[in-house]
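Q: I'd like to ask some things about the structure below.
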Amino acid sequence: MSRQYYQRGHLVEAEELDDVIAVKMGAAPRDGVAERATDLGSSARGEIREAGIDDETTEAFARASWIFVRPNQRTREAFTAGDEIPSAEAAGKVIRRPNGRIGIATDALTVRLEPTLSEDEAERELETAGLTIVNRLGFAKNLYEVRAPASRDALAASVELHGNDRFVFAEPSFIEHVPARFRPTGAQYPRQWQWRNAGTNGGTSDADVHIESAWDRTFGAGIRVAVIDNGFDAEHPDLAAGVDRLSGFFTDGVEGVVFVQGTSGMPDSDHGTFCAGMVGARLNNGAGGTGAAPECSLMPLACLPDQVGTQTTLARAVAYATDPSTEVPGAGPGSGADILVSSLGPNGADWDLTSTLELALEFAATNGRQGKGTPIFWAASNGRNVDIAKDEVVSHPDVIAVVRSTNRDREDNAARGPKVELIAPGVNVLSTTSGGGYGTSTGTSFAAPCAAGCAALALAVNAHLTRDQLREVMHKSADKIGGPGVRYDTAGHNDDYGFGRVNASQAVALAHGMRP
């Protein structure tokens with residue numbers, strides 16, 4: 001069935017899968033989820049595949065206890081009537097969006113009302129529209145998470161509210177799969193070719209970020225780097241000493257998603273632990289390798305622990321990294337991160353951006369670091385030569401998109417296009433893993449924190465730089481790699497290599513000499 005909703009001011013045509021609903025099973029051992037789902041209808045893999053949902057998507061949502069079901073008559077009647085479904089915490093409609101990605105639509109929306117309205121006026125408008133407030137978001141005026149009336153789902157409410165001139169936007173909060181951007185491959189400093197490439201193991205000598213001479217000047221002390229991912233091993237011996245007190249995580253609460261400050265109870269993830277280690281694993285502690293900025297303050301922020309959730313939660317993480325008072329009343333607005341990096345996103349490149357996440361990105365770029373702006377590094381897709389423009393998050397003007405290079409200073413068939421800004425080591429690189437370990441892995445996921453850590457070194461020698469100045473430093477200091485057949489345009493850009501491979505030594509030198 002054809003459905004419509006609005007996103008970033010545009011009417012979007014989507015498809016509701018008629019024969020399938022999504023059900024989040026209630027608290028119980030996960031190994032019993034599938035069995036309990038059979039009481040609601042058929043969740044057989046073949047039938048769900050036939051309905052148009054691939055196995056990878058099914059498995060990803062199942063890890064978060066969301067099961068796709070072809071409902072029996074009793075379940076269908078309860079779902080249609082808005083009644084409680086036995087053993088279920090929640091239920092939603094299954095929507096295929098124009099880029100082919102599956103989202104679950106419930107009654108949840110994110111709305112923004114005209115900024116000229118007072119808070120009281122805005123909340124009266126919400127009440128008049130029949131919307132229930134779940135949460136007021138602090139990074140833009142009159143921005144709310146709400147629930148639609150029982151008679152409407154989020155898509156219908158989006159279309160209806162678009163005609164209300166008191167609303168700037170009303171967008172469904174789709175529950176979606178937001179995976180980590182990496183491809184696993186199979187101490188320790190001598191194995192970290194990204195920092196010093198001696199030409200061994202088939203590599204090319206000096207095909208690295210030239211960081212050792214940068215370390216002669218700084219290890220990144222005084223710079224706080226927020227790493228947004230699904231989870232972290234915050235007790236890892238190479239990370240624990242650098243974890244900032246403002247770290248935290250988002251988790252499901254009684255009234256929706258809530259923020260918890262601190263690392264006690266933080267979800268764990270190999271991917272996030274690896275990324276954090278690339279930025280700021282400690283130096284000379286005898287435990288393993290090191291990160292790019294081993295004396296920076298690490299601010300791990302965990303969200304979407306099952307890789308399933310809404311962009312609104314991701315937006316809240318971006319906003320909190322920028323200004324902790326958006327989630328913790330009384331926190332100093334100047335205590336946010338100096339640099340933000342994330343490696344979350346689908347590998348197929350197609351990723352639509354919601355207005356709420358866009359507002360959070362703009363909030364960070366404009367208000368971060370007390371008006372100097374927070375630089376945002378994000379891993380581009382690992383998809384083989386996919387068009388980066390199809391990823392609206394990474395190609396946003398306020399995001400620095402990073403792709404991965406090999407130990408021979410060659411690009412590795414990740415996303416490409418005019419929005420690629422930097423390339424950094426990300427193939428068979430070594431970093432921290434959960435459980436106190438170390439390992440190698442491949443992905444743009446690890447190139448982005450490598451670049452962010454090098455940027456932290458540059459900012460450490462000149463903390464007065466604005467976001468735009470630091471971005472310029474990273475562009476101008478990068479090495480034009482790729483071999484004799486690779487051409488850079490008159491602006492110094494190449495669609496595969498961006499402005500070049502990160503060079504920490506040159507970035508630090510350029511930043512040191514730049515006037516604020």
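In the structure tokens, chains take the letters A, B, ... in the order shown, each chain's residues start at 1, and ligands count up from 1 in the order shown.
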DSSP on the backbone: what in segment 98-274 of chain A comes out helix (DSSP H, G or I), as a ChimeraX atom specification?
A: /A:119-128,154-162,189-191,212-215,240-242,270-274
Q: For the structure I just gave you, how does DSSP split segment 310-396 of chain A - specifically, which residues are strand (DSSP E)? Reply as an MDAnalysis selection string.
A: chainID A and resid 339:342 376:379
Q: Smallest atom-to-atom distance to His236 of chain A: which of A:Phe446, A:Phe274, A:Phe377, A:Phe363, using only C-alpha atoms?
A: A:Phe274
Q: Using only C-alpha atoms, can you tell me which of A:Val209, A:Val94, A:Ile133, A:Ala364 comes closest to Ile423 of chain A?
A: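 Distance minimum relative to Ile423 of chain A lands on A:Val209.
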Q: Quick one: of A:Thr406, A:Ser2, A:Gln7, A:Thr440, who's nearest to Gly277 of chain A, counting only C-alpha atoms?
A: A:Thr440
Q: With only C-alpha atoms as the basis for distance, which of A:Phe139, A:Phe174, A:Tyr438, A:Tyr144 is at the shortest distance from Met278 of chain A?
A: A:Tyr438
Q: Leaving out Val429 of chain A and any residue of its chain fewer than 3 positions from it, which residues lie within 8 Å of it when counting only C-alpha atoms, given as an MDAnalysis selection string?
A: chainID A and resid 192:194 425:426 440:442 446
Q: Write out, as a tab-separated table (two decimals), in the first residue's frame, the residues just selected, with C-alpha atoms.
A:
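Output file result-v6.tsv is given in full below:
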```
chain	number	residue	atom	x	y	z
A	192	GLN	CA	50.17	-0.15	13.89
A	193	TRP	CA	51.25	0.74	10.37
A	194	GLN	CA	48.80	3.65	10.36
A	425	PRO	CA	44.33	4.45	7.09
A	426	GLY	CA	41.52	1.96	7.56
A	440	THR	CA	43.10	-5.78	13.34
A	441	SER	CA	40.10	-4.78	11.27
A	442	THR	CA	39.12	-2.96	8.09
A	446	PHE	CA	38.40	3.23	11.62
```
Q: Find the spatial neighbours of segment 305-307 of chain A, counting only C-alpha atoms, within a cut-off of 7 Å - ignore same-chain residues fewer than 4 positions away - and output them as a PDB file with N, CA, C and O atoms, in the first residue's frame.
A:
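And here's around07.pdb as it stands now:
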```
ATOM      1  N   ARG A  63      17.796  -8.859  16.704  1.00  0.00           N
ATOM      2  CA  ARG A  63      18.760  -8.645  17.793  1.00  0.00           C
ATOM      3  C   ARG A  63      18.271  -7.602  18.781  1.00  0.00           C
ATOM      4  O   ARG A  63      18.708  -7.565  19.929  1.00  0.00           O
ATOM      5  N   ALA A  64      17.374  -6.748  18.330  1.00  0.00           N
ATOM      6  CA  ALA A  64      16.777  -5.743  19.207  1.00  0.00           C
ATOM      7  C   ALA A  64      15.371  -6.148  19.650  1.00  0.00           C
ATOM      8  O   ALA A  64      14.593  -5.319  20.129  1.00  0.00           O
ATOM      9  N   HIS A 177      17.587   0.236  11.184  1.00  0.00           N
ATOM     10  CA  HIS A 177      18.862  -0.449  11.449  1.00  0.00           C
ATOM     11  C   HIS A 177      19.982   0.512  11.110  1.00  0.00           C
ATOM     12  O   HIS A 177      20.122   0.939   9.965  1.00  0.00           O
ATOM     13  N   VAL A 178      20.777   0.885  12.108  1.00  0.00           N
ATOM     14  CA  VAL A 178      21.912   1.788  11.907  1.00  0.00           C
ATOM     15  C   VAL A 178      23.166   1.025  12.312  1.00  0.00           C
ATOM     16  O   VAL A 178      23.625   1.103  13.452  1.00  0.00           O
ATOM     17  N   PRO A 179      23.739   0.251  11.405  1.00  0.00           N
ATOM     18  CA  PRO A 179      24.871  -0.609  11.756  1.00  0.00           C
ATOM     19  C   PRO A 179      26.166   0.176  11.855  1.00  0.00           C
ATOM     20  O   PRO A 179      26.216   1.379  11.605  1.00  0.00           O
ATOM     21  N   ASN A 230      27.757   2.279  19.072  1.00  0.00           N
ATOM     22  CA  ASN A 230      26.752   1.436  19.724  1.00  0.00           C
ATOM     23  C   ASN A 230      27.118   1.066  21.152  1.00  0.00           C
ATOM     24  O   ASN A 230      26.243   0.748  21.960  1.00  0.00           O
ATOM     25  N   GLY A 231      28.403   1.048  21.490  1.00  0.00           N
ATOM     26  CA  GLY A 231      28.824   0.678  22.837  1.00  0.00           C
ATOM     27  C   GLY A 231      30.339   0.678  22.931  1.00  0.00           C
ATOM     28  O   GLY A 231      31.040   0.809  21.913  1.00  0.00           O
ATOM     29  N   PRO A 267      26.543  -0.196  27.464  1.00  0.00           N
ATOM     30  CA  PRO A 267      26.640  -1.365  26.579  1.00  0.00           C
ATOM     31  C   PRO A 267      28.027  -1.462  25.949  1.00  0.00           C
ATOM     32  O   PRO A 267      28.699  -0.448  25.738  1.00  0.00           O
TER      33      PRO A 267
END
```
Q: Which of these residues is nearest to Tyr5 of chain A, using only C-alpha atoms: A:Ser158, A:Ser205, A:Ser335, A:Thr374?
A: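 Going through A:Ser158, A:Ser205, A:Ser335, A:Thr374 one by one, the smallest distance to Tyr5 of chain A is for A:Ser158.
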Q: Using only C-alpha atoms, find the one residue out of A:Ala511, A:Met299, A:Val134, A:Ile223 that sits nearest to Gly253 of chain A.
A: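 Selected residue with least distance to Gly253 of chain A: A:Val134.
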Q: Report as a tab-separated table: every residue of segment 121-174 of chain A with an atom at most 6 Å from segment 112-115 of chain A, its closest pair of atoms, and their distance in Å to one decimal, counting only C-alpha atoms, with rows sorted by chain and ascending residue number.
A:
```
residue	atom	partner	partner_atom	distance
A:Lys141	CA	A:Pro115	CA	5.8
A:Asn142	CA	A:Leu113	CA	5.4
A:Leu143	CA	A:Arg112	CA	4.4
A:Arg166	CA	A:Glu114	CA	5.6
A:Phe167	CA	A:Leu113	CA	4.2
A:Val168	CA	A:Leu113	CA	5.2
A:Phe169	CA	A:Arg112	CA	5.5
```
Q: Tell me, in Å to one decimal, how far atom CA of Ser477 of chain A is from atom CA of Asn503 of chain A.
A: 6.1 Å
Q: Segment 474-499 of chain A near segment 401-405 of chain A within 9 Å: what's each residue's closest atom pair and its distance in Å to one decimal, counting only C-alpha atoms, ordered by chain then ascending residue number, as a tab-separated table?
A:
```
residue	atom	partner	partner_atom	distance
A:Asp496	CA	A:Val403	CA	8.1
A:Tyr497	CA	A:Val403	CA	7.6
A:Gly498	CA	A:Val402	CA	8.2
```
Q: To one decimal place, how far is atom CA of Asp208 of chain A from atom CA of Ala504 of chain A in Å?
A: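 Atom CA of Asp208 of chain A sits 9.4 Å away from atom CA of Ala504 of chain A.
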